[in-house]
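Below: one structure, written as structure tokens.
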Amino acid sequence: MYKIGLIGAGHIGAVHARNIACHPALTLAASYSRSSQRRQAFAVEFGGRAAHSLEDILDAPDIDAVMIASSTDSHSELLQRAAHSGKPVFCEKPIDLSLDEARKAAAVVRDCGARVMMGFNRRYEESHAAVRAQVASGGLGRLQIVQLTSRGPSRLASVEYLRTSGGFFRDKGVHFFDLARFITGDEVEEVSAMGAALVHQDVRDLGDFDTAIVSLRMRGGALCQIDNSRTASYGYDERIEAFGSQGWVESCRQPAAAVRRAVGAELASAPFPQTIYERIGGSYYRVIEGFADFIAGHEASVPTIEDGLAAQCIAEAAVLSAREGRSVRIDELDPS
């Protein structure tokens with residue numbers, strides 16, 4: 001049984017804590033939050049002790065691995081501190097709000113030889129992973145187009161969250177920048193992005209976007225398009241299509257239930273999932289399964305700190321492209 005120290009007692013921390021409790025090889029040994037009230041309540045709800053300091057997790061001999069699920073603006077600092085602990089680390093995306101700070105954190109991870117897994121849970125969504133497997137097998141022939149869609153959920157995140165999230169491309173978009181690399185098995189060469197605040201005044205007031213389209217040119221020639229929206233009136237909608245010279249494969253749009261009904265001439269289907277967890281909730285458990293295997297040294301292909309850095313570089317290129325109204329080559333930001 002591996003004992004986990006969890007840093008961050010907010011929404012995503014609670015998601016991970018529930019999945020740790022369900023895993024036969026993991027247990028939540030301690031959790032830490034800057035709020036003493038929150039960490040005490042978290043310990044009561046999910047078990048384990050309420051850590052009184054970061055050192056109570058990072059230096060504790062009874063903690064086998066560390067999970068960073070705190071606010072985005074704290075990831076980089078915590079990741080660097082955890083890298084020196086010698087414990088395997090799981091870090092939520094993105095690495096930092098700043099690409100330069102993310103690079104510094106990645107350099108510390110490399111210098112320490114730390115074992116770090118990034119929290120790109122969508123790689124573990126079963127139908128998305130099946131698209132990746134089909135592309136990797138060569139069954140589609142020469143890959144031509146990858147289309148990724150994420151719209152919703154129906155309710156907008158809080159203004160407090162949006163204010164510290166890093167913005168649309170760093171927060172929501174970064175998952176799909178990672179998926180583009182994961183599915184194609186290729187690197188991004190060029191980014192062209194457009195964004196707008198068409199629905200939510202709160203988003204407009206923050207100078208951010210609630211709607212965006214990003215086009216990516218991969219080094220191997222394939223073209224990817226990502227359409228994202230912060231909300232969708234009908235629920236949560238996520239899907240992927242890969243198209244090649246020999247055919248296509250799709251991770252389909254999924255209703256909440258596989259039910260359709262006909263009454264007279266009217267045809268009705270089950271509604272869409274209303275939350276992200278209804279659509280891809282299983283991926284949050286499977287990413288924890290991947291972390292358990294990673295701790296044990298059995299998982300060979302987890303998303304790494306280098307994957308996190310690559311996705312964040314694409315996000316920065318998208319920010320620059322949308323701001324300046326031009327295509328941005330990745331080598332402008334990362335000559336390597």
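Numbering starts fresh at 1 for the residues of each chain in the structure tokens, the chains themselves are lettered A, B, ... in the order given, and ligands are numbered from 1 as they appear.
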Q | A:Arg286 environment, 12 Å, only C-alpha atoms, sequence neighbours closer than 5 positions dropped, as a list in words | A | His16, Asn19, Ile20, Cys22, His23, Gly119, Phe120, Asn121, Arg122, Arg123, Tyr124, Glu125, Glu126, Ala129, Ile280, Gly281, Phe291, Ala292, Asp293 and Val302 of chain A
Kindly save the residues from that selection, with C-alpha atoms included, as a PDB file, in the first residue's frame.
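So again-v4.pdb came out as:
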ATOM      1  CA  HIS A  16      -8.183  12.813  -6.574  1.00  0.00           C
ATOM      2  CA  ASN A  19     -10.163   8.078  -6.449  1.00  0.00           C
ATOM      3  CA  ILE A  20      -7.220   7.335  -4.149  1.00  0.00           C
ATOM      4  CA  CYS A  22     -11.071   3.598  -4.343  1.00  0.00           C
ATOM      5  CA  HIS A  23      -7.670   2.273  -5.392  1.00  0.00           C
ATOM      6  CA  GLY A 119      -1.937  15.160 -14.663  1.00  0.00           C
ATOM      7  CA  PHE A 120      -3.089  14.950 -18.277  1.00  0.00           C
ATOM      8  CA  ASN A 121      -6.009  12.680 -17.446  1.00  0.00           C
ATOM      9  CA  ARG A 122      -7.564  12.840 -20.928  1.00  0.00           C
ATOM     10  CA  ARG A 123      -4.842  10.525 -22.213  1.00  0.00           C
ATOM     11  CA  TYR A 124      -6.541   7.947 -19.994  1.00  0.00           C
ATOM     12  CA  GLU A 125     -10.059   8.421 -21.382  1.00  0.00           C
ATOM     13  CA  GLU A 126     -10.753   5.064 -23.026  1.00  0.00           C
ATOM     14  CA  ALA A 129      -6.804   6.328 -26.022  1.00  0.00           C
ATOM     15  CA  ILE A 280     -14.758  11.673 -18.736  1.00  0.00           C
ATOM     16  CA  GLY A 281     -14.974  10.891 -15.020  1.00  0.00           C
ATOM     17  CA  PHE A 291       0.223   6.998 -10.954  1.00  0.00           C
ATOM     18  CA  ALA A 292       0.066   3.885  -8.781  1.00  0.00           C
ATOM     19  CA  ASP A 293       1.906   1.960 -11.483  1.00  0.00           C
ATOM     20  CA  VAL A 302       3.053   8.423 -18.402  1.00  0.00           C
TER      21      VAL A 302
END
Which residues of stretch 127-187 of chain A have any atom within 12 Å of an atom in stretch 73-90 of chain A when counting only C-alpha atoms, and what is the closest pair of atoms for each, with the distance in Å to one decimal? Order the rows by chain and rising number and write it as JSON lines.
{"residue": "A:Tyr161", "atom": "CA", "partner": "A:Asp73", "partner_atom": "CA", "distance": 11.0}
{"residue": "A:Leu162", "atom": "CA", "partner": "A:Asp73", "partner_atom": "CA", "distance": 11.9}
{"residue": "A:Arg163", "atom": "CA", "partner": "A:Asp73", "partner_atom": "CA", "distance": 10.6}
{"residue": "A:Thr164", "atom": "CA", "partner": "A:Asp73", "partner_atom": "CA", "distance": 6.8}
{"residue": "A:Ser165", "atom": "CA", "partner": "A:Asp73", "partner_atom": "CA", "distance": 7.7}
{"residue": "A:Gly166", "atom": "CA", "partner": "A:Asp73", "partner_atom": "CA", "distance": 8.1}
{"residue": "A:Gly167", "atom": "CA", "partner": "A:Asp73", "partner_atom": "CA", "distance": 11.8}
{"residue": "A:Arg170", "atom": "CA", "partner": "A:Asp73", "partner_atom": "CA", "distance": 11.6}
{"residue": "A:Asp171", "atom": "CA", "partner": "A:Asp73", "partner_atom": "CA", "distance": 11.3}
Restricting it to N, CA and C atoms, dump the selection as a PDB file, in the first residue's frame.
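The result, stored in selection.pdb:
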ATOM      1  N   TYR A 161     -11.832  31.502  -9.720  1.00  0.00           N
ATOM      2  CA  TYR A 161     -11.039  30.493 -10.423  1.00  0.00           C
ATOM      3  C   TYR A 161     -10.484  31.054 -11.726  1.00  0.00           C
ATOM      4  N   LEU A 162     -11.323  31.696 -12.506  1.00  0.00           N
ATOM      5  CA  LEU A 162     -10.895  32.219 -13.800  1.00  0.00           C
ATOM      6  C   LEU A 162      -9.761  33.228 -13.647  1.00  0.00           C
ATOM      7  N   ARG A 163      -9.821  34.017 -12.578  1.00  0.00           N
ATOM      8  CA  ARG A 163      -8.827  35.065 -12.381  1.00  0.00           C
ATOM      9  C   ARG A 163      -7.430  34.491 -12.159  1.00  0.00           C
ATOM     10  N   THR A 164      -7.328  33.312 -11.563  1.00  0.00           N
ATOM     11  CA  THR A 164      -6.017  32.711 -11.260  1.00  0.00           C
ATOM     12  C   THR A 164      -5.679  31.525 -12.155  1.00  0.00           C
ATOM     13  N   SER A 165      -6.500  31.256 -13.177  1.00  0.00           N
ATOM     14  CA  SER A 165      -6.336  30.045 -13.982  1.00  0.00           C
ATOM     15  C   SER A 165      -5.233  30.147 -15.034  1.00  0.00           C
ATOM     16  N   GLY A 166      -4.830  31.375 -15.352  1.00  0.00           N
ATOM     17  CA  GLY A 166      -3.837  31.547 -16.401  1.00  0.00           C
ATOM     18  C   GLY A 166      -4.440  31.867 -17.750  1.00  0.00           C
ATOM     19  N   GLY A 167      -5.755  31.870 -17.838  1.00  0.00           N
ATOM     20  CA  GLY A 167      -6.415  32.191 -19.094  1.00  0.00           C
ATOM     21  C   GLY A 167      -6.811  30.954 -19.878  1.00  0.00           C
ATOM     22  N   ARG A 170      -4.063  28.486 -21.476  1.00  0.00           N
ATOM     23  CA  ARG A 170      -3.219  27.800 -20.492  1.00  0.00           C
ATOM     24  C   ARG A 170      -4.029  26.854 -19.614  1.00  0.00           C
ATOM     25  N   ASP A 171      -5.289  27.170 -19.418  1.00  0.00           N
ATOM     26  CA  ASP A 171      -6.123  26.398 -18.498  1.00  0.00           C
ATOM     27  C   ASP A 171      -6.883  25.296 -19.237  1.00  0.00           C
TER      28      ASP A 171
END
(Q) Which of stretch 66-311 of chain A end up as helix (DSSP H, G or I) when DSSP is run on this backbone - answer as a VMD selection string? (A) chain A and resid 72 to 83 99 to 112 121 to 124 126 to 137 159 to 164 168 to 184 201 to 205 276 to 296 305 to 311
Q: Identify which of the residues A:Arg261, A:Arg253, A:His52, A:His11 lies closest to A:Arg151, counting only C-alpha atoms when measuring atom-to-atom distances.
A: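 Distance minimum relative to A:Arg151 lands on A:Arg253.
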Per residue of stretch 150-265 of chain A within 12 Å of stretch 320-326 of chain A, which atom pair is closest and at what distance in Å (one decimal), using only C-alpha atoms, listed by chain and increasing number, as JSON lines?
{"residue": "A:Phe168", "atom": "CA", "partner": "A:Ala322", "partner_atom": "CA", "distance": 11.2}
{"residue": "A:Phe169", "atom": "CA", "partner": "A:Ala322", "partner_atom": "CA", "distance": 9.9}
{"residue": "A:Arg170", "atom": "CA", "partner": "A:Leu320", "partner_atom": "CA", "distance": 11.8}
{"residue": "A:Glu190", "atom": "CA", "partner": "A:Ser321", "partner_atom": "CA", "distance": 10.0}
{"residue": "A:Val191", "atom": "CA", "partner": "A:Ser321", "partner_atom": "CA", "distance": 7.1}
{"residue": "A:Ser192", "atom": "CA", "partner": "A:Ser321", "partner_atom": "CA", "distance": 5.7}
{"residue": "A:Ala193", "atom": "CA", "partner": "A:Ala322", "partner_atom": "CA", "distance": 5.0}
{"residue": "A:Met194", "atom": "CA", "partner": "A:Ala322", "partner_atom": "CA", "distance": 4.9}
{"residue": "A:Gly195", "atom": "CA", "partner": "A:Ala322", "partner_atom": "CA", "distance": 6.2}
{"residue": "A:Ala196", "atom": "CA", "partner": "A:Ala322", "partner_atom": "CA", "distance": 9.2}
{"residue": "A:Gly207", "atom": "CA", "partner": "A:Arg323", "partner_atom": "CA", "distance": 10.9}
{"residue": "A:Asp208", "atom": "CA", "partner": "A:Arg323", "partner_atom": "CA", "distance": 10.7}
{"residue": "A:Phe209", "atom": "CA", "partner": "A:Ala322", "partner_atom": "CA", "distance": 10.0}
{"residue": "A:Thr211", "atom": "CA", "partner": "A:Ala322", "partner_atom": "CA", "distance": 11.7}
{"residue": "A:Ala212", "atom": "CA", "partner": "A:Ala322", "partner_atom": "CA", "distance": 9.2}
{"residue": "A:Ile213", "atom": "CA", "partner": "A:Ala322", "partner_atom": "CA", "distance": 9.6}
{"residue": "A:Val214", "atom": "CA", "partner": "A:Ala322", "partner_atom": "CA", "distance": 9.0}
{"residue": "A:Ser215", "atom": "CA", "partner": "A:Ser321", "partner_atom": "CA", "distance": 10.4}
{"residue": "A:Leu216", "atom": "CA", "partner": "A:Ser321", "partner_atom": "CA", "distance": 11.4}
Could those selected residues go to a file with N, CA and C atoms, as a CSV table (one decimal), in the first residue's frame?
chain,number,residue,atom,x,y,z
A,168,PHE,N,-7.6,31.2,-20.9
A,168,PHE,CA,-8.3,30.1,-21.6
A,168,PHE,C,-7.3,29.1,-22.2
A,169,PHE,N,-6.3,29.5,-22.9
A,169,PHE,CA,-5.4,28.6,-23.5
A,169,PHE,C,-4.5,27.8,-22.6
A,170,ARG,N,-4.1,28.5,-21.5
A,170,ARG,CA,-3.2,27.8,-20.5
A,170,ARG,C,-4.0,26.9,-19.6
A,190,GLU,N,3.7,24.8,-35.9
A,190,GLU,CA,3.1,26.2,-36.1
A,190,GLU,C,1.7,26.2,-35.5
A,191,VAL,N,1.4,27.4,-34.9
A,191,VAL,CA,0.1,27.6,-34.2
A,191,VAL,C,-0.6,28.8,-34.7
A,192,SER,N,-1.9,28.7,-34.9
A,192,SER,CA,-2.7,29.9,-35.3
A,192,SER,C,-4.0,29.8,-34.5
A,193,ALA,N,-4.2,30.9,-33.7
A,193,ALA,CA,-5.3,30.9,-32.7
A,193,ALA,C,-6.2,32.1,-32.9
A,194,MET,N,-7.5,31.9,-32.7
A,194,MET,CA,-8.4,33.0,-32.6
A,194,MET,C,-9.3,32.8,-31.3
A,195,GLY,N,-9.5,33.9,-30.6
A,195,GLY,CA,-10.3,33.8,-29.4
A,195,GLY,C,-11.3,34.9,-29.3
A,196,ALA,N,-12.4,34.7,-28.6
A,196,ALA,CA,-13.4,35.8,-28.4
A,196,ALA,C,-14.1,35.6,-27.1
A,207,GLY,N,-10.6,40.2,-19.7
A,207,GLY,CA,-9.7,40.2,-20.9
A,207,GLY,C,-9.4,38.9,-21.5
A,208,ASP,N,-10.2,37.9,-21.2
A,208,ASP,CA,-10.0,36.5,-21.6
A,208,ASP,C,-11.0,36.1,-22.6
A,209,PHE,N,-11.0,34.8,-23.0
A,209,PHE,CA,-11.9,34.3,-24.0
A,209,PHE,C,-12.8,33.2,-23.4
A,211,THR,N,-14.5,31.5,-26.0
A,211,THR,CA,-14.7,30.7,-27.3
A,211,THR,C,-13.4,30.8,-28.0
A,212,ALA,N,-12.9,29.7,-28.6
A,212,ALA,CA,-11.6,29.8,-29.3
A,212,ALA,C,-11.5,28.7,-30.4
A,213,ILE,N,-10.8,29.0,-31.4
A,213,ILE,CA,-10.4,28.0,-32.4
A,213,ILE,C,-8.9,28.1,-32.5
A,214,VAL,N,-8.2,26.9,-32.5
A,214,VAL,CA,-6.7,26.9,-32.6
A,214,VAL,C,-6.4,25.8,-33.7
A,215,SER,N,-5.6,26.3,-34.7
A,215,SER,CA,-5.1,25.4,-35.7
A,215,SER,C,-3.6,25.1,-35.5
A,216,LEU,N,-3.2,23.8,-35.6
A,216,LEU,CA,-1.9,23.4,-35.4
A,216,LEU,C,-1.3,22.7,-36.6
Q: Could you tell me how far atom CA of A:Thr275 lies from atom CA of A:Leu97, in Å and to one decimal?
A: 25.3 Å
Q | Within 7 Å of stretch 26-39 of chain A using only C-alpha atoms, minus same-chain residues under 2 positions, as a ChimeraX atom specification | A | /A:1-9,17,20-21,23-24,41-43,47-54,57,63
**Q.** Residue nearest A:Val146 among A:Ala114, A:Ala256, A:Leu206, A:Ile240 (counting only C-alpha atoms)
**A.**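 Comparing A:Ala114, A:Ala256, A:Leu206, A:Ile240 against A:Val146, the winner is A:Ile240.
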Q) Distance atom CA of A:Ala232-atom CA of A:Asp96, one decimal place? A)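 For atom CA of A:Ala232 relative to atom CA of A:Asp96, the distance reads 27.3 Å.
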Q: Take atom CA of A:Thr72 and atom CA of A:Gly13 and report the distance between them in Å, one decimal.
A: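 Going from atom CA of A:Thr72 over to atom CA of A:Gly13, I get 12.3 Å.
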